[in-house]
Every structure is written in structure tokens, then in C-alpha cells.
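Pasted below: target14.pdb, PDB, C-alpha atoms.
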```pdb
MODEL        1
ATOM      1  CA  MET K   1     121.589-180.030  92.924  1.00  0.00           C
ATOM      2  CA  ILE K   2     125.119-179.869  91.587  1.00  0.00           C
ATOM      3  CA  ASN K   3     126.360-177.818  88.641  1.00  0.00           C
ATOM      4  CA  VAL K   4     128.427-179.951  86.271  1.00  0.00           C
ATOM      5  CA  LEU K   5     130.519-178.695  83.378  1.00  0.00           C
ATOM      6  CA  VAL K   6     131.116-181.323  80.679  1.00  0.00           C
ATOM      7  CA  VAL K   7     134.101-180.598  78.423  1.00  0.00           C
ATOM      8  CA  ASP K   8     134.429-182.820  75.355  1.00  0.00           C
ATOM      9  CA  ASP K   9     134.867-182.167  71.649  1.00  0.00           C
ATOM     10  CA  HIS K  10     132.293-184.844  70.714  1.00  0.00           C
ATOM     11  CA  PRO K  11     128.782-183.264  70.653  1.00  0.00           C
ATOM     12  CA  GLN K  12     126.900-186.565  71.036  1.00  0.00           C
ATOM     13  CA  LEU K  13     128.873-187.506  74.121  1.00  0.00           C
ATOM     14  CA  ASN K  14     128.276-184.055  75.614  1.00  0.00           C
ATOM     15  CA  GLN K  15     124.536-184.412  74.995  1.00  0.00           C
ATOM     16  CA  SER K  16     124.424-187.935  76.447  1.00  0.00           C
ATOM     17  CA  LEU K  17     126.306-187.001  79.614  1.00  0.00           C
ATOM     18  CA  CYS K  18     124.227-183.866  80.125  1.00  0.00           C
ATOM     19  CA  LYS K  19     121.014-185.858  79.659  1.00  0.00           C
ATOM     20  CA  VAL K  20     122.018-188.374  82.356  1.00  0.00           C
ATOM     21  CA  ILE K  21     123.064-185.603  84.743  1.00  0.00           C
ATOM     22  CA  ARG K  22     119.867-183.599  84.192  1.00  0.00           C
ATOM     23  CA  ALA K  23     117.691-186.694  84.616  1.00  0.00           C
ATOM     24  CA  GLU K  24     119.055-186.929  88.160  1.00  0.00           C
ATOM     25  CA  GLY K  25     117.993-183.345  88.871  1.00  0.00           C
ATOM     26  CA  HIS K  26     121.348-181.666  88.420  1.00  0.00           C
ATOM     27  CA  ARG K  27     122.408-178.798  86.172  1.00  0.00           C
ATOM     28  CA  ALA K  28     124.699-179.662  83.261  1.00  0.00           C
ATOM     29  CA  ILE K  29     126.430-177.360  80.802  1.00  0.00           C
ATOM     30  CA  SER K  30     128.721-178.542  78.015  1.00  0.00           C
ATOM     31  CA  VAL K  31     131.467-176.943  75.981  1.00  0.00           C
ATOM     32  CA  ALA K  32     133.602-178.419  73.207  1.00  0.00           C
ATOM     33  CA  SER K  33     137.075-177.065  74.019  1.00  0.00           C
ATOM     34  CA  GLY K  34     139.466-176.405  76.848  1.00  0.00           C
ATOM     35  CA  GLU K  35     139.556-172.724  75.991  1.00  0.00           C
ATOM     36  CA  ASP K  36     135.756-172.521  76.236  1.00  0.00           C
ATOM     37  CA  ALA K  37     135.851-174.340  79.573  1.00  0.00           C
ATOM     38  CA  LEU K  38     138.308-171.847  81.072  1.00  0.00           C
ATOM     39  CA  ALA K  39     136.289-168.906  79.765  1.00  0.00           C
ATOM     40  CA  LEU K  40     133.051-170.314  81.168  1.00  0.00           C
ATOM     41  CA  LEU K  41     134.583-171.079  84.559  1.00  0.00           C
ATOM     42  CA  ALA K  42     135.937-167.526  84.756  1.00  0.00           C
ATOM     43  CA  ALA K  43     132.359-166.241  84.416  1.00  0.00           C
ATOM     44  CA  ASP K  44     130.199-168.979  85.974  1.00  0.00           C
ATOM     45  CA  ARG K  45     130.502-171.383  88.871  1.00  0.00           C
ATOM     46  CA  ALA K  46     130.596-175.153  88.532  1.00  0.00           C
ATOM     47  CA  ASP K  47     130.642-177.722  91.316  1.00  0.00           C
ATOM     48  CA  LEU K  48     132.429-180.322  89.227  1.00  0.00           C
ATOM     49  CA  VAL K  49     134.085-180.670  85.802  1.00  0.00           C
ATOM     50  CA  ILE K  50     134.082-183.761  83.591  1.00  0.00           C
ATOM     51  CA  LEU K  51     137.060-183.184  81.323  1.00  0.00           C
ATOM     52  CA  ASP K  52     138.061-185.064  78.182  1.00  0.00           C
ATOM     53  CA  ILE K  53     141.804-185.521  77.813  1.00  0.00           C
ATOM     54  CA  SER K  54     142.156-185.605  74.017  1.00  0.00           C
ATOM     55  CA  MET K  55     140.793-182.449  72.431  1.00  0.00           C
ATOM     56  CA  PRO K  56     142.071-180.269  69.606  1.00  0.00           C
ATOM     57  CA  GLY K  57     143.831-177.125  70.773  1.00  0.00           C
ATOM     58  CA  MET K  58     144.136-177.136  74.537  1.00  0.00           C
ATOM     59  CA  SER K  59     144.228-180.698  75.905  1.00  0.00           C
ATOM     60  CA  GLY K  60     142.424-181.798  79.040  1.00  0.00           C
ATOM     61  CA  ILE K  61     145.783-182.084  80.802  1.00  0.00           C
ATOM     62  CA  ASP K  62     146.499-178.434  79.928  1.00  0.00           C
ATOM     63  CA  VAL K  63     143.075-177.408  81.253  1.00  0.00           C
ATOM     64  CA  LEU K  64     143.650-179.427  84.433  1.00  0.00           C
ATOM     65  CA  ARG K  65     146.966-177.651  85.002  1.00  0.00           C
ATOM     66  CA  ALA K  66     145.355-174.236  84.445  1.00  0.00           C
ATOM     67  CA  LEU K  67     142.481-174.986  86.816  1.00  0.00           C
ATOM     68  CA  ARG K  68     144.779-176.259  89.565  1.00  0.00           C
ATOM     69  CA  ALA K  69     147.031-173.183  89.184  1.00  0.00           C
ATOM     70  CA  ASP K  70     144.123-170.753  89.661  1.00  0.00           C
ATOM     71  CA  PRO K  71     143.203-170.166  93.329  1.00  0.00           C
ATOM     72  CA  LEU K  72     139.527-169.814  92.351  1.00  0.00           C
ATOM     73  CA  THR K  73     139.383-173.298  90.805  1.00  0.00           C
ATOM     74  CA  ALA K  74     142.232-175.101  92.588  1.00  0.00           C
ATOM     75  CA  ALA K  75     139.860-177.172  94.737  1.00  0.00           C
ATOM     76  CA  LEU K  76     137.210-177.750  92.046  1.00  0.00           C
ATOM     77  CA  PRO K  77     136.526-181.500  91.657  1.00  0.00           C
ATOM     78  CA  ILE K  78     137.694-182.666  88.216  1.00  0.00           C
ATOM     79  CA  VAL K  79     137.059-186.045  86.610  1.00  0.00           C
ATOM     80  CA  MET K  80     139.234-186.822  83.604  1.00  0.00           C
ATOM     81  CA  PHE K  81     137.186-188.691  81.012  1.00  0.00           C
ATOM     82  CA  SER K  82     139.061-190.470  78.253  1.00  0.00           C
ATOM     83  CA  ALA K  83     138.788-193.206  75.673  1.00  0.00           C
ATOM     84  CA  LYS K  84     142.350-194.143  76.660  1.00  0.00           C
ATOM     85  CA  ALA K  85     142.719-196.817  79.331  1.00  0.00           C
ATOM     86  CA  ASP K  86     146.354-195.792  79.742  1.00  0.00           C
ATOM     87  CA  SER K  87     147.803-196.264  83.230  1.00  0.00           C
ATOM     88  CA  ALA K  88     150.595-193.705  82.662  1.00  0.00           C
ATOM     89  CA  LEU K  89     148.098-191.076  81.507  1.00  0.00           C
ATOM     90  CA  ARG K  90     145.816-191.891  84.445  1.00  0.00           C
ATOM     91  CA  GLN K  91     148.747-191.535  86.859  1.00  0.00           C
ATOM     92  CA  GLN K  92     149.770-188.212  85.299  1.00  0.00           C
ATOM     93  CA  ALA K  93     146.236-186.824  85.602  1.00  0.00           C
ATOM     94  CA  LEU K  94     145.939-187.896  89.236  1.00  0.00           C
ATOM     95  CA  GLU K  95     149.372-186.473  90.090  1.00  0.00           C
ATOM     96  CA  LEU K  96     148.325-183.153  88.534  1.00  0.00           C
ATOM     97  CA  GLY K  97     145.304-183.030  90.841  1.00  0.00           C
ATOM     98  CA  ALA K  98     142.440-184.811  89.055  1.00  0.00           C
ATOM     99  CA  ASN K  99     140.015-186.340  91.527  1.00  0.00           C
ATOM    100  CA  ASP K 100     139.312-189.349  89.332  1.00  0.00           C
ATOM    101  CA  TYR K 101     139.952-190.813  85.878  1.00  0.00           C
ATOM    102  CA  TRP K 102     137.179-192.589  83.998  1.00  0.00           C
ATOM    103  CA  VAL K 103     137.466-194.520  80.774  1.00  0.00           C
ATOM    104  CA  LYS K 104     134.642-193.831  78.335  1.00  0.00           C
ATOM    105  CA  GLY K 105     132.316-196.798  78.062  1.00  0.00           C
ATOM    106  CA  GLU K 106     133.469-198.323  81.357  1.00  0.00           C
ATOM    107  CA  THR K 107     131.471-196.157  83.783  1.00  0.00           C
ATOM    108  CA  ASP K 108     128.058-197.529  84.747  1.00  0.00           C
ATOM    109  CA  PRO K 109     125.434-194.848  83.953  1.00  0.00           C
ATOM    110  CA  ALA K 110     123.314-196.046  86.887  1.00  0.00           C
ATOM    111  CA  LEU K 111     126.133-195.121  89.300  1.00  0.00           C
ATOM    112  CA  PHE K 112     127.303-192.034  87.413  1.00  0.00           C
ATOM    113  CA  CYS K 113     125.513-189.274  89.349  1.00  0.00           C
ATOM    114  CA  GLY K 114     126.082-190.909  92.714  1.00  0.00           C
ATOM    115  CA  ILE K 115     129.808-190.873  92.027  1.00  0.00           C
ATOM    116  CA  LEU K 116     129.636-187.207  90.992  1.00  0.00           C
ATOM    117  CA  GLU K 117     127.755-186.276  94.166  1.00  0.00           C
ATOM    118  CA  LYS K 118     130.381-188.021  96.327  1.00  0.00           C
ATOM    119  CA  LEU K 119     133.173-186.151  94.537  1.00  0.00           C
ATOM    120  CA  VAL K 120     131.506-182.796  95.151  1.00  0.00           C
ATOM    121  CA  ARG K 121     131.242-183.564  98.874  1.00  0.00           C
ATOM    122  CA  ALA K 122     134.765-185.049  99.204  1.00  0.00           C
ATOM    123  CA  PRO K 123     137.691-182.960 100.451  1.00  0.00           C
ATOM    124  CA  ALA K 124     140.024-181.569  97.786  1.00  0.00           C
ATOM    125  CA  PRO K 125     143.075-183.701  96.907  1.00  0.00           C
ATOM    126  CA  ALA K 126     146.329-182.729  98.585  1.00  0.00           C
ATOM    127  CA  GLN K 127     148.613-180.693  96.318  1.00  0.00           C
ATOM    128  CA  GLU K 128     152.343-181.369  96.322  1.00  0.00           C
TER     129      GLU K 128
ENDMDL
END
```

For the file at hand, write its structure as C-alpha cells.
Amino acid sequence: MINVLVVDDHPQLNQSLCKVIRAEGHRAISVASGEDALALLAADRADLVILDISMPGMSGIDVLRALRADPLTAALPIVMFSAKADSALRQQALELGANDYWVKGETDPALFCGILEKLVRAPAPAQE
């Protein structure tokens, strides 16, 4: 069982992702802001974070930077999850240490949890 934190400001998307993750026997928690994600991760452990890029307040990129800068979360697998199929944004996220970048609506739900499990088992990305 893996513990997944879903961070997105859209409640229906949070519920849908959590439902898929839980149906596969994993634990899923969701929050609606970057600030809430950082607070939760300071108090509770997650094995993986699914992180929206575009959120009011603290963006997903800001959260990614904060998580990579903290020794306690520097190696935490992070999947950026965005409605934007923007190659420059994808490249930026990967350069900042995201493990993967998924475009909303393009990820096959049948493969979703298998991909998450592989990310949790994979070695952390090299930091420059």
C-alpha cells in the first residue's frame, strides 16, 4: 500500500483521483492548496505526491521547489498534474525535480496506479 497526497484546487478531480487510488488498495489524501500540502507533509508522511501546477496562491511549481529544498521531502516522488500540455512547463517541472508530468485527461486510469507504484519504487531523480 502506498500513501498518495493529491494536491489540486478542483474538489471533483481530487475525489476522482482518490477514488481510483483507493480502489487499488492504496491510501489517498487530498488537499486544495500548496500551503495545505506543505503543512500536511510536515506532519504526515506520503509516499508520493500528485501536484497540480495551476492553483491560486502557491503554485505547484512553488510547492515543488519547496519540497525539493527540504531534506525530509527532497527524494519524495512528485508527479506534476496539469491541464496544460506545455512542453516548456513540462521541461521546467522536470528540471526542478519532478519525477513525471501528466496532462489531465491523457492518463489512462487503468494504468494510473501501476505507474504510481513504479514511481514509488524508482530511485530519486539526480539533483543538479

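Using the PyMOL selection byres ((chain K and resi 83) around 7) on the file at hand returns these residues: Ser82, Lys84, Ala85, Val103 and Lys104 of chain K.
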
Would you mind exporting C-alpha atoms of the selected residues as an mmCIF file, keeping the file's coordinate frame?
```
data_model
loop_
_atom_site.group_PDB
_atom_site.id
_atom_site.type_symbol
_atom_site.label_atom_id
_atom_site.label_comp_id
_atom_site.auth_asym_id
_atom_site.auth_seq_id
_atom_site.Cartn_x
_atom_site.Cartn_y
_atom_site.Cartn_z
ATOM 1 C CA SER K 82 139.061 -190.470 78.253
ATOM 2 C CA LYS K 84 142.350 -194.143 76.660
ATOM 3 C CA ALA K 85 142.719 -196.817 79.331
ATOM 4 C CA VAL K 103 137.466 -194.520 80.774
ATOM 5 C CA LYS K 104 134.642 -193.831 78.335
#
```

* When the PyMOL selection byres ((chain K and resi 32-49) around 9) is applied to the file above, which residues end up in the set, as a PyMOL selection string? -> chain K and resi 2-11+14+30-31+50-52+55-60+62-63+66-67+72-73+76-80+116+119-120

Centre and size of axis-aligned box enclosing range 3-19 of chain K plus 4 Å each side, as AutoDock Vina command-line options:
```
--center_x 127.9 --center_y -182.9 --center_z 79.6 --size_x 21.9 --size_y 18.1 --size_z 26.0
```

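For the pair CA of Ile53 in chain K and CA of Ala98 in chain K, the separation is 11.3 Å.
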
Name the residues that the PyMOL selection byres ((chain K and resi 95) around 12) picks from the file above, as a short mmCIF file (atom, residue, chain, number, x, y, z; two decimals) with C-alpha atoms, in the frame of the given file, using the file's chain letters and numbers.
```
data_model
loop_
_atom_site.label_atom_id
_atom_site.label_comp_id
_atom_site.auth_asym_id
_atom_site.auth_seq_id
_atom_site.Cartn_x
_atom_site.Cartn_y
_atom_site.Cartn_z
CA ILE K 61 145.78 -182.08 80.80
CA LEU K 64 143.65 -179.43 84.43
CA ARG K 65 146.97 -177.65 85.00
CA ARG K 68 144.78 -176.26 89.56
CA ALA K 88 150.60 -193.70 82.66
CA LEU K 89 148.10 -191.08 81.51
CA ARG K 90 145.82 -191.89 84.44
CA GLN K 91 148.75 -191.54 86.86
CA GLN K 92 149.77 -188.21 85.30
CA ALA K 93 146.24 -186.82 85.60
CA LEU K 94 145.94 -187.90 89.24
CA LEU K 96 148.32 -183.15 88.53
CA GLY K 97 145.30 -183.03 90.84
CA ALA K 98 142.44 -184.81 89.06
CA ASN K 99 140.01 -186.34 91.53
CA ASP K 100 139.31 -189.35 89.33
CA TYR K 101 139.95 -190.81 85.88
CA PRO K 125 143.07 -183.70 96.91
CA ALA K 126 146.33 -182.73 98.58
CA GLN K 127 148.61 -180.69 96.32
CA GLU K 128 152.34 -181.37 96.32
#
```

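Residues of protein, DNA and RNA with at least one atom no farther than 8 Å from (119.9, -181.5, 91.1) are, using only C-alpha atoms, Met1, Ile2, Asn3, Arg22, Glu24, Gly25, His26 and Arg27 of chain K.
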
* Asked: Closest to Phe81 in chain K among K:Ser16, K:Ala28, K:Lys118, K:Gly105, using all atoms listed in the file?
  -> K:Gly105

* Provide the CA of Ser54 in chain K to CA of Ala69 in chain K distance in Å, to one decimal place. => 20.2 Å

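Of note, CA of Cys18 in chain K and CA of Ser87 in chain K are spaced 26.8 Å apart.
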
Can you save range 54-84 of chain K of the given block to a file, including N, CA and C atoms and formatted as a compact mmCIF listing (two decimals), in the first residue's frame?
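Ended up saving to decode01.txt:
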```
# COMPACT_ATOMS: atom_id res chain seq x y z
N SER K 54 -1.36 24.66 -11.66
CA SER K 54 -2.07 25.94 -11.59
C SER K 54 -3.07 25.95 -10.44
N MET K 55 -2.67 26.61 -9.36
CA MET K 55 -3.55 26.74 -8.19
C MET K 55 -3.45 28.18 -7.70
N PRO K 56 -4.53 28.68 -7.10
CA PRO K 56 -4.45 30.02 -6.52
C PRO K 56 -3.47 30.02 -5.35
N GLY K 57 -2.86 31.14 -5.10
CA GLY K 57 -1.88 31.21 -4.01
C GLY K 57 -0.57 30.60 -4.47
N MET K 58 -0.13 29.60 -3.77
CA MET K 58 1.13 28.93 -4.06
C MET K 58 0.95 27.96 -5.23
N SER K 59 1.68 28.16 -6.30
CA SER K 59 1.56 27.28 -7.48
C SER K 59 2.23 25.93 -7.21
N GLY K 60 1.92 24.98 -8.06
CA GLY K 60 2.56 23.67 -7.96
C GLY K 60 4.06 23.74 -8.14
N ILE K 61 4.52 24.65 -9.00
CA ILE K 61 5.96 24.83 -9.19
C ILE K 61 6.60 25.33 -7.89
N ASP K 62 5.93 26.26 -7.20
CA ASP K 62 6.44 26.75 -5.92
C ASP K 62 6.49 25.63 -4.88
N VAL K 63 5.47 24.79 -4.86
CA VAL K 63 5.44 23.66 -3.92
C VAL K 63 6.55 22.68 -4.26
N LEU K 64 6.74 22.40 -5.54
CA LEU K 64 7.81 21.50 -5.98
C LEU K 64 9.16 22.03 -5.50
N ARG K 65 9.41 23.31 -5.69
CA ARG K 65 10.68 23.90 -5.24
C ARG K 65 10.86 23.73 -3.73
N ALA K 66 9.79 24.00 -2.97
CA ALA K 66 9.86 23.89 -1.51
C ALA K 66 10.12 22.45 -1.08
N LEU K 67 9.47 21.50 -1.73
CA LEU K 67 9.67 20.10 -1.36
C LEU K 67 11.07 19.62 -1.70
N ARG K 68 11.60 20.04 -2.82
CA ARG K 68 12.95 19.63 -3.21
C ARG K 68 14.01 20.31 -2.33
N ALA K 69 13.71 21.47 -1.78
CA ALA K 69 14.67 22.18 -0.93
C ALA K 69 14.72 21.64 0.49
N ASP K 70 13.70 20.89 0.89
CA ASP K 70 13.62 20.35 2.25
C ASP K 70 14.24 18.94 2.27
N PRO K 71 15.26 18.71 3.09
CA PRO K 71 15.89 17.39 3.13
C PRO K 71 14.91 16.25 3.45
N LEU K 72 13.84 16.54 4.17
CA LEU K 72 12.88 15.50 4.53
C LEU K 72 12.00 15.08 3.35
N THR K 73 11.85 15.95 2.35
CA THR K 73 10.99 15.63 1.22
C THR K 73 11.73 15.69 -0.12
N ALA K 74 13.04 15.89 -0.08
CA ALA K 74 13.81 16.07 -1.31
C ALA K 74 13.71 14.87 -2.26
N ALA K 75 13.59 13.68 -1.73
CA ALA K 75 13.52 12.48 -2.57
C ALA K 75 12.10 11.96 -2.78
N LEU K 76 11.11 12.66 -2.26
CA LEU K 76 9.71 12.24 -2.39
C LEU K 76 9.29 12.26 -3.86
N PRO K 77 8.76 11.15 -4.39
CA PRO K 77 8.30 11.16 -5.78
C PRO K 77 7.14 12.15 -5.96
N ILE K 78 7.25 12.98 -7.01
CA ILE K 78 6.25 14.01 -7.28
C ILE K 78 5.87 13.94 -8.76
N VAL K 79 4.57 13.82 -9.00
CA VAL K 79 4.02 13.86 -10.35
C VAL K 79 3.29 15.18 -10.51
N MET K 80 3.73 15.98 -11.45
CA MET K 80 3.02 17.22 -11.77
C MET K 80 1.83 16.84 -12.64
N PHE K 81 0.68 17.43 -12.35
CA PHE K 81 -0.57 17.06 -13.00
C PHE K 81 -1.23 18.34 -13.46
N SER K 82 -1.32 18.53 -14.77
CA SER K 82 -1.77 19.82 -15.28
C SER K 82 -2.69 19.67 -16.48
N ALA K 83 -3.54 20.65 -16.66
CA ALA K 83 -4.38 20.72 -17.85
C ALA K 83 -3.56 21.25 -19.03
N LYS K 84 -2.38 21.76 -18.75
CA LYS K 84 -1.54 22.39 -19.78
C LYS K 84 -0.56 21.39 -20.38
```
